[in-house]
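Trainee: The structure is given below, and queries will be raised subsequently.
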Amino acid sequence: MPLSGPPDCGGSAQSVERVIMTEVEIRRALARIAHEIVERNHGVEDVVLIGLLTRGVPLARRLAEKLEALEQRAVPVGALDITFYRDDLAVRPLQPVVRRTAIPVDVTGRCVILVDDVLYTGRSVRAAMDEVMDYGRPRCIQLAVLVDRGHRELPIRPDYVGKNVPTARSELVAVRLREVDGRDEVAIIREA
Amino acid sequence: MVGRKDVLDLNDFTAAEIEQVLRTADAMREILTRPIKRVPALRGKTVVNLFFEPSTRTRVSFELAAKALSADVVNISASGSSVEKGESLVDTVRTLQALGADVVVMRHSQSGAPYLVAQQVQASVINAGDGWHAHPTQALLDLYTIRDKLGRLEGLRAAIVGDVLHSRVARSLTFGLVKMGAEVTLVGPPTLIPPEAPQWGAQVSYDLDAVLPKLDVCYLLRVQRERQRQRFFPSVREYARRYGLTRERVAALPEGCLIMHPGPMNRGVEIDSDVADLPRSVIEEQVTNGIAVRMALLYLMLGGAGEGGGA
């Protein structure tokens with residue numbers, strides 16, 4: 001997501017890139033998270049996965065597939081565009097494209113699991129929680145992220161983490177996913 | 001579109017800017033289907049509706065659009081304001097700006113009035129209709145409705161029928177449709193087609209029946225009865241017979257051709273009452289989509305820091 005760094009992070013000649021999660025590691029992390037979700041919620045009966053656009057959505061879909069395989073039960077997946085709920089609308093350039101939020105079920109009384117690629121300042125998650133609350137009153141909201149890179153600016157903590165990665169603020173974390181970027185990997189990019 | 005200070009007409013919009021407004025409007029329409037039809041995107045911004053001419057749908061539409069984005073809205077009509085005490089237009093808007101207006105949505109009977117104001121103030125100005133000149137937000141909501149219903153704009157054939165001469169909607173919509181690659185034919189009695197119409201990139205016809213069979217969009221303009229004193233056509237009945245969209249004429253339209261009208265309608269004059277209520281008539285959708293399109297404009301004008309804001 002934008003707060004973890006500019007979306008186009010690769011390719012620059014001066015930057016140094018280090019892969020911290022491979023395709024296999026991403027798959028194992030998601031498999032573990034799926035098990036943790038089932039264990040923690042005693043099944044997936046009232047669970048809704050809501051991915052934060054862009055890369056939270058394919059992650060949510062993959063988790064839903066794994067949950068379905070574990071529990072033989074379909075889990076609804078939604079997509080959330082937090083643009084209108086951001087707290088930095090006035091300080092950063094406008095996002096050129098606003099995408100449609102799509103939440104397929106009434107969230108009231110359900111357990112909403114927000115899914116994002118990178119957890120950084122926590123501001124995106126704050127915006128996402130506010131937006132979900134405007135759709136209804138969930139029984140609870142949980143947070144699943146592929147990478148937690150630290151540097152929180154709000155009292156927010158994830159319930160499920162693929163990998164904890166200590167980073168410097170000057171570094172960028174690039175999550176690349178097959179559905180969006182054509183391949184699966186997570187890299188740390190340091191501007192030289 | 002991002003970073004644009006004013007929206008005065010569509011003739012200075014690029015096709016890419018129009019596209020951006022239409023795409024943003026898609027996201028806005030979803031907001032209007034939520035249980036809580038409000039997002040905090042424009043919290044702390046103030047939108048002033050300054051209407052010197054009567055209006056229901058446009059003013060209410062702008063008000064609901066601004067409120068759905070959590071902006072504060074102030075409505076001013078000319079009667080009951082300091083305009084009645086003789087304050088000039090520019091002074092009125094400067095006062096509103098001093099009171100904190102970020103956007104002034106303005107309707108005025110004088111063509112060009114919003115241009116004069118836009119030059120003189122820092123606040124953004126949106127033209128909500130000026131005289132016979134332009135009505136860009138109506139044109140954008142029409143483009144949005146057509147694309148939503150037919151899936152595209154490029155290559156479509158549209159007729160705009162009626163009093164083109166006095167219609168700000170016809171001018172702006174023609175610019176918009178031509179820019180997006182549609183073919184436009186302006187249809188009406190010769191007295192009501194402006195001589196410069198061919199320069200807008202449109203064709204002209206005086207014979208509605210000849211045009212009907214190949215249309216994708218049949219757009220009817222309101223007969224402005226208040227102008228009938230000037231005898232642009234012999235009688236309202238005569239007009240209805242030659243240019244009104246009747247049941248028989250609808251039968252000549254291809255299947256799937258949209259019937260549109262900017263409102264307010266004169267049922268039985270430019271459009272028969274039962275025609276207005278046909279399923280292919282999208283007049284009510286036009287009104288509903290107007291809110292989403294105006295939200296998109298307000299958001300794109302006010303939502304970000306624009307250039308120089310920095311991340």
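Residue numbering restarts at 1 in every chain; chains get A, B, ... in the order shown in the structure tokens, and ligands count up from 1 in that same order.
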Quick check for you: according to DSSP on this backbone, which residues of chain A are classed as strand (DSSP E or B)? Reply as an MDAnalysis selection string.
Mentor: chainID A and resid 15:21 47:52 77:80 102 111:119 140:148 160:164 172:176 185:191
Trainee: Within 12 Å of B:Leu177, counting only C-alpha atoms, which residues qualify if same-chain residues fewer than 3 places away don't, as a CSV table (one decimal) with N, CA and C atoms, in the first residue's frame?
Mentor:
chain,number,residue,atom,x,y,z
B,10,LEU,N,-17.2,22.3,-20.9
B,10,LEU,CA,-16.5,21.1,-21.2
B,10,LEU,C,-15.6,21.4,-22.4
B,11,ASN,N,-15.7,22.5,-23.1
B,11,ASN,CA,-14.8,22.7,-24.3
B,11,ASN,C,-13.3,22.7,-24.0
B,13,PHE,N,-12.0,20.8,-21.6
B,13,PHE,CA,-11.7,19.5,-21.0
B,13,PHE,C,-11.0,18.6,-22.0
B,14,THR,N,-10.0,17.8,-21.7
B,14,THR,CA,-9.5,16.8,-22.6
B,14,THR,C,-10.4,15.5,-22.4
B,15,ALA,N,-10.3,14.6,-23.4
B,15,ALA,CA,-11.0,13.4,-23.2
B,15,ALA,C,-10.6,12.6,-22.0
B,18,ILE,N,-12.3,14.0,-18.9
B,18,ILE,CA,-13.7,13.5,-18.8
B,18,ILE,C,-13.7,12.1,-18.3
B,19,GLU,N,-12.8,11.3,-18.9
B,19,GLU,CA,-12.7,9.9,-18.5
B,19,GLU,C,-12.4,9.7,-17.0
B,136,PRO,N,-21.9,22.4,-17.7
B,136,PRO,CA,-20.9,21.3,-17.8
B,136,PRO,C,-21.3,20.1,-16.9
B,139,ALA,N,-23.9,18.0,-18.6
B,139,ALA,CA,-23.3,17.2,-19.7
B,139,ALA,C,-22.5,16.0,-19.2
B,140,LEU,N,-21.8,16.2,-18.1
B,140,LEU,CA,-21.0,15.1,-17.6
B,140,LEU,C,-21.9,14.0,-17.0
B,141,LEU,N,-23.0,14.3,-16.4
B,141,LEU,CA,-23.8,13.3,-15.8
B,141,LEU,C,-24.6,12.6,-17.0
B,142,ASP,N,-24.8,13.3,-18.1
B,142,ASP,CA,-25.4,12.6,-19.3
B,142,ASP,C,-24.4,11.7,-19.9
B,143,LEU,N,-23.2,12.1,-20.0
B,143,LEU,CA,-22.1,11.2,-20.5
B,143,LEU,C,-22.0,10.0,-19.7
B,144,TYR,N,-22.0,10.2,-18.3
B,144,TYR,CA,-21.9,9.1,-17.4
B,144,TYR,C,-23.1,8.1,-17.6
B,146,ILE,N,-25.0,7.6,-20.2
B,146,ILE,CA,-25.0,6.9,-21.5
B,146,ILE,C,-23.9,5.8,-21.4
B,147,ARG,N,-22.8,6.1,-20.9
B,147,ARG,CA,-21.7,5.1,-20.8
B,147,ARG,C,-22.1,4.0,-19.9
B,152,ARG,N,-20.2,2.4,-23.6
B,152,ARG,CA,-19.2,3.1,-24.3
B,152,ARG,C,-19.8,4.4,-24.8
B,153,LEU,N,-18.9,5.3,-25.2
B,153,LEU,CA,-19.4,6.6,-25.8
B,153,LEU,C,-18.9,6.7,-27.3
B,154,GLU,N,-17.7,6.1,-27.5
B,154,GLU,CA,-17.1,6.2,-28.9
B,154,GLU,C,-18.0,5.5,-29.9
B,155,GLY,N,-18.2,6.2,-31.0
B,155,GLY,CA,-18.9,5.6,-32.1
B,155,GLY,C,-20.5,5.7,-32.0
B,156,LEU,N,-21.0,6.1,-30.8
B,156,LEU,CA,-22.4,6.2,-30.7
B,156,LEU,C,-23.0,7.3,-31.5
B,157,ARG,N,-24.3,7.1,-31.9
B,157,ARG,CA,-25.0,8.2,-32.6
B,157,ARG,C,-26.1,8.8,-31.7
B,158,ALA,N,-25.9,10.1,-31.5
B,158,ALA,CA,-26.9,10.8,-30.6
B,158,ALA,C,-27.6,11.9,-31.3
B,159,ALA,N,-28.8,12.1,-31.0
B,159,ALA,CA,-29.5,13.3,-31.5
B,159,ALA,C,-29.9,14.1,-30.3
B,160,ILE,N,-29.7,15.4,-30.4
B,160,ILE,CA,-30.2,16.4,-29.4
B,160,ILE,C,-31.3,17.2,-30.0
B,169,VAL,N,-27.5,23.2,-22.0
B,169,VAL,CA,-27.3,21.7,-22.0
B,169,VAL,C,-26.8,21.2,-23.3
B,170,ALA,N,-27.5,21.7,-24.4
B,170,ALA,CA,-27.2,21.2,-25.7
B,170,ALA,C,-25.7,21.5,-26.1
B,171,ARG,N,-25.3,22.7,-25.8
B,171,ARG,CA,-23.9,23.1,-26.2
B,171,ARG,C,-22.9,22.2,-25.4
B,172,SER,N,-23.0,22.2,-24.1
B,172,SER,CA,-22.0,21.5,-23.3
B,172,SER,C,-22.0,20.0,-23.7
B,173,LEU,N,-23.2,19.4,-23.8
B,173,LEU,CA,-23.3,18.0,-24.1
B,173,LEU,C,-22.7,17.7,-25.5
B,174,THR,N,-23.0,18.6,-26.5
B,174,THR,CA,-22.4,18.3,-27.8
B,174,THR,C,-20.9,18.3,-27.7
B,180,MET,N,-15.7,12.7,-26.9
B,180,MET,CA,-15.5,11.3,-26.5
B,180,MET,C,-15.8,10.4,-27.8
B,181,GLY,N,-15.9,11.0,-29.0
B,181,GLY,CA,-15.9,10.2,-30.2
B,181,GLY,C,-17.3,9.8,-30.6
B,182,ALA,N,-18.3,10.4,-30.1
B,182,ALA,CA,-19.7,10.1,-30.5
B,182,ALA,C,-20.1,11.1,-31.7
B,183,GLU,N,-21.1,10.6,-32.4
B,183,GLU,CA,-21.6,11.5,-33.5
B,183,GLU,C,-22.9,12.2,-33.0
B,184,VAL,N,-22.9,13.5,-33.2
B,184,VAL,CA,-24.1,14.2,-32.7
B,184,VAL,C,-24.8,14.9,-33.8
B,185,THR,N,-26.2,14.7,-33.8
B,185,THR,CA,-27.0,15.5,-34.8
B,185,THR,C,-27.9,16.4,-33.9
B,200,TRP,N,-19.5,23.3,-33.8
B,200,TRP,CA,-19.3,22.4,-32.6
B,200,TRP,C,-19.0,21.0,-32.9
B,201,GLY,N,-18.9,20.7,-34.2
B,201,GLY,CA,-18.6,19.3,-34.6
B,201,GLY,C,-19.8,18.5,-34.8
B,202,ALA,N,-21.0,19.1,-34.8
B,202,ALA,CA,-22.2,18.3,-34.9
B,202,ALA,C,-22.9,18.5,-36.3
B,217,VAL,N,-28.9,7.2,-28.9
B,217,VAL,CA,-29.4,8.1,-27.8
B,217,VAL,C,-30.3,9.2,-28.5
B,219,TYR,N,-32.0,12.5,-27.2
B,219,TYR,CA,-31.9,13.4,-26.1
B,219,TYR,C,-32.9,14.6,-26.4
Trainee: Kindly indicate which residue among A:Val112, A:Val19, A:Ile37, A:Leu143 lies nearest to A:Ile188, using only C-alpha atoms for the distances.
Mentor: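 Smallest separation from A:Ile188 among the options: A:Val19.
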Trainee: Can you check which parts of chain B lie within 12 Å of chain A? Per residue, the shortest pair of atoms and distance in Å to one decimal, counting only C-alpha atoms, sorted by chain and number, as JSON lines.
Mentor:
{"residue": "B:Met1", "atom": "CA", "partner": "A:Pro96", "partner_atom": "CA", "distance": 9.4}
{"residue": "B:Val2", "atom": "CA", "partner": "A:Leu94", "partner_atom": "CA", "distance": 7.2}
{"residue": "B:Gly3", "atom": "CA", "partner": "A:Leu94", "partner_atom": "CA", "distance": 8.9}
{"residue": "B:Ala16", "atom": "CA", "partner": "A:Pro96", "partner_atom": "CA", "distance": 11.5}
{"residue": "B:Glu17", "atom": "CA", "partner": "A:Pro96", "partner_atom": "CA", "distance": 10.7}
{"residue": "B:Glu19", "atom": "CA", "partner": "A:Val97", "partner_atom": "CA", "distance": 10.7}
{"residue": "B:Gln20", "atom": "CA", "partner": "A:Val97", "partner_atom": "CA", "distance": 7.5}
{"residue": "B:Val21", "atom": "CA", "partner": "A:Val97", "partner_atom": "CA", "distance": 9.7}
{"residue": "B:Leu22", "atom": "CA", "partner": "A:Val97", "partner_atom": "CA", "distance": 10.7}
{"residue": "B:Arg23", "atom": "CA", "partner": "A:Val97", "partner_atom": "CA", "distance": 7.6}
{"residue": "B:Thr24", "atom": "CA", "partner": "A:Val98", "partner_atom": "CA", "distance": 5.7}
{"residue": "B:Ala25", "atom": "CA", "partner": "A:Val98", "partner_atom": "CA", "distance": 8.9}
{"residue": "B:Asp26", "atom": "CA", "partner": "A:Arg100", "partner_atom": "CA", "distance": 7.1}
{"residue": "B:Ala27", "atom": "CA", "partner": "A:Arg100", "partner_atom": "CA", "distance": 4.6}
{"residue": "B:Met28", "atom": "CA", "partner": "A:Arg100", "partner_atom": "CA", "distance": 8.0}
{"residue": "B:Arg29", "atom": "CA", "partner": "A:Arg100", "partner_atom": "CA", "distance": 8.9}
{"residue": "B:Glu30", "atom": "CA", "partner": "A:Arg100", "partner_atom": "CA", "distance": 6.7}
{"residue": "B:Ile31", "atom": "CA", "partner": "A:Thr101", "partner_atom": "CA", "distance": 8.2}
{"residue": "B:Leu32", "atom": "CA", "partner": "A:Thr101", "partner_atom": "CA", "distance": 11.5}
{"residue": "B:Thr33", "atom": "CA", "partner": "A:Tyr135", "partner_atom": "CA", "distance": 10.3}
{"residue": "B:Arg34", "atom": "CA", "partner": "A:Tyr135", "partner_atom": "CA", "distance": 6.6}
{"residue": "B:Pro35", "atom": "CA", "partner": "A:Tyr135", "partner_atom": "CA", "distance": 6.1}
{"residue": "B:Ile36", "atom": "CA", "partner": "A:Asp134", "partner_atom": "CA", "distance": 5.8}
{"residue": "B:Lys37", "atom": "CA", "partner": "A:Asp134", "partner_atom": "CA", "distance": 8.5}
{"residue": "B:Arg38", "atom": "CA", "partner": "A:Asp134", "partner_atom": "CA", "distance": 8.2}
{"residue": "B:Val39", "atom": "CA", "partner": "A:Phe84", "partner_atom": "CA", "distance": 6.1}
{"residue": "B:Pro40", "atom": "CA", "partner": "A:Tyr85", "partner_atom": "CA", "distance": 5.7}
{"residue": "B:Ala41", "atom": "CA", "partner": "A:Phe84", "partner_atom": "CA", "distance": 4.5}
{"residue": "B:Leu42", "atom": "CA", "partner": "A:Phe84", "partner_atom": "CA", "distance": 8.2}
{"residue": "B:Arg43", "atom": "CA", "partner": "A:Tyr85", "partner_atom": "CA", "distance": 9.9}
{"residue": "B:Gly44", "atom": "CA", "partner": "A:Ala90", "partner_atom": "CA", "distance": 10.6}
{"residue": "B:Lys45", "atom": "CA", "partner": "A:Ala90", "partner_atom": "CA", "distance": 10.8}
{"residue": "B:Ala68", "atom": "CA", "partner": "A:Phe84", "partner_atom": "CA", "distance": 10.9}
{"residue": "B:Leu69", "atom": "CA", "partner": "A:Phe84", "partner_atom": "CA", "distance": 8.2}
{"residue": "B:Ser70", "atom": "CA", "partner": "A:Phe84", "partner_atom": "CA", "distance": 10.2}
{"residue": "B:Met295", "atom": "CA", "partner": "A:Phe84", "partner_atom": "CA", "distance": 11.5}
{"residue": "B:Ala296", "atom": "CA", "partner": "A:Val98", "partner_atom": "CA", "distance": 9.6}
{"residue": "B:Tyr299", "atom": "CA", "partner": "A:Phe84", "partner_atom": "CA", "distance": 9.1}
{"residue": "B:Leu300", "atom": "CA", "partner": "A:Leu94", "partner_atom": "CA", "distance": 7.7}
{"residue": "B:Met301", "atom": "CA", "partner": "A:Leu94", "partner_atom": "CA", "distance": 9.6}
{"residue": "B:Leu302", "atom": "CA", "partner": "A:Ala90", "partner_atom": "CA", "distance": 8.8}
{"residue": "B:Gly303", "atom": "CA", "partner": "A:Leu89", "partner_atom": "CA", "distance": 6.2}
{"residue": "B:Gly304", "atom": "CA", "partner": "A:Leu94", "partner_atom": "CA", "distance": 4.5}
{"residue": "B:Ala305", "atom": "CA", "partner": "A:Ala90", "partner_atom": "CA", "distance": 5.1}
{"residue": "B:Gly306", "atom": "CA", "partner": "A:Pro93", "partner_atom": "CA", "distance": 5.4}
{"residue": "B:Glu307", "atom": "CA", "partner": "A:Pro93", "partner_atom": "CA", "distance": 6.6}
{"residue": "B:Gly308", "atom": "CA", "partner": "A:Pro93", "partner_atom": "CA", "distance": 8.0}
{"residue": "B:Gly309", "atom": "CA", "partner": "A:Arg92", "partner_atom": "CA", "distance": 5.7}
{"residue": "B:Gly310", "atom": "CA", "partner": "A:Arg92", "partner_atom": "CA", "distance": 5.3}
{"residue": "B:Ala311", "atom": "CA", "partner": "A:Arg92", "partner_atom": "CA", "distance": 4.2}
Trainee: So how far away is atom CA of B:Ser77 from atom CA of B:Phe175, in Å?
Mentor: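 One can read the atom CA of B:Phe175 to atom CA of B:Ser77 distance as 29.1 Å.
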Trainee: Between A:Leu119, A:Val165, A:Leu80, A:Val173, which residue has the minimum interatomic distance to A:Glu153, considering only C-alpha atoms?
Mentor: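 The closest residue to A:Glu153 is A:Leu119.
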Trainee: Env of B:Val47: 9 Å cut, atoms = only C-alpha atoms, seq-sep filter 4 positions within chain, self excluded. Answer as a list in words.
Mentor: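 Result of the neighbour search: Phe62, Glu63, Ala66, Ala71, Asp72, Val73, Val74, Asn75, Ala101, Asp102, Val103, Val104, Val105 and Leu298 of chain B.
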Trainee: If you run DSSP on this backbone, which residues of stretch 166-290 of chain B come out as alpha helix (DSSP H), and could you give them as a VMD selection string?
Mentor: chain B and resid 168 to 179 208 to 211 236 to 243 247 to 252 273 to 276 283 to 290
Trainee: Just the selected residues (C-alpha atoms), exported as a compact mmCIF listing (two decimals), in the first residue's frame, please.
Mentor:
# COMPACT_ATOMS: atom_id res chain seq x y z
CA ARG B 168 -26.82 25.48 -22.37
CA VAL B 169 -27.28 21.74 -21.96
CA ALA B 170 -27.18 21.15 -25.73
CA ARG B 171 -23.95 23.11 -26.16
CA SER B 172 -22.03 21.46 -23.33
CA LEU B 173 -23.32 17.98 -24.11
CA THR B 174 -22.39 18.33 -27.78
CA PHE B 175 -18.83 19.30 -26.83
CA GLY B 176 -18.62 16.36 -24.46
CA LEU B 177 -20.04 13.77 -26.85
CA VAL B 178 -17.91 14.93 -29.79
CA LYS B 179 -14.81 14.91 -27.61
CA LEU B 208 -36.68 14.30 -36.68
CA ASP B 209 -38.32 11.33 -38.41
CA ALA B 210 -35.37 10.97 -40.79
CA VAL B 211 -32.90 10.84 -37.91
CA VAL B 236 -46.71 24.47 -28.98
CA ARG B 237 -49.04 21.98 -30.68
CA GLU B 238 -47.28 22.42 -33.99
CA TYR B 239 -43.94 21.87 -32.25
CA ALA B 240 -45.17 18.73 -30.53
CA ARG B 241 -46.40 17.34 -33.84
CA ARG B 242 -43.11 17.83 -35.66
CA TYR B 243 -40.54 17.37 -32.87
CA ARG B 247 -45.28 6.55 -29.13
CA GLU B 248 -45.18 6.33 -32.93
CA ARG B 249 -41.76 7.92 -33.10
CA VAL B 250 -40.44 5.65 -30.35
CA ALA B 251 -41.44 2.72 -32.57
CA ALA B 252 -39.05 4.08 -35.21
CA SER B 273 -46.26 11.35 -21.01
CA ASP B 274 -46.19 7.57 -21.44
CA VAL B 275 -42.91 7.75 -23.39
CA ALA B 276 -41.23 9.43 -20.44
CA ILE B 283 -34.50 10.31 -17.11
CA GLU B 284 -34.59 9.36 -13.43
CA GLU B 285 -31.21 7.63 -13.65
CA GLN B 286 -29.81 10.88 -15.04
CA VAL B 287 -30.92 12.63 -11.87
CA THR B 288 -29.49 9.95 -9.58
CA ASN B 289 -26.18 9.81 -11.45
CA GLY B 290 -25.93 13.59 -11.17
Trainee: As a list in words, please: the residues near stretch 225-232 of chain B (cut-off 12 Å, only C-alpha atoms, same-chain neighbours under 3 positions excluded).
Mentor: Gly162, Asp163, Val164, Leu165, His166, Ser167, Gly188, Pro189, Pro190, Thr191, Leu192, Ile193, Leu221, Arg222, Ser235, Val236, Arg237, Glu238, Tyr239, Pro264, Met265, Asn266, Val269 and Glu270 of chain B
Trainee: Can you list, as a list of chain:residue names, every protein, DNA or RNA residue that comes within 8 Å of stretch 31-33 of chain A when you count only C-alpha atoms, leaving out same-chain residues fewer than 2 positions away?
Mentor: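 Here the qualifying residues turn out to be A:Arg27, A:Arg28, A:Ala29, A:His35, A:Glu36, A:Ile37, A:Leu63, A:Lys66, A:Ala144, A:Tyr160, A:Val161, A:Gly162.
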Trainee: Nearest residue to A:Thr167 out of A:His151, A:Arg40, A:Arg18, A:Arg123, using only C-alpha atoms?
Mentor: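 The shortest atom-to-atom distance to A:Thr167 comes from A:His151.
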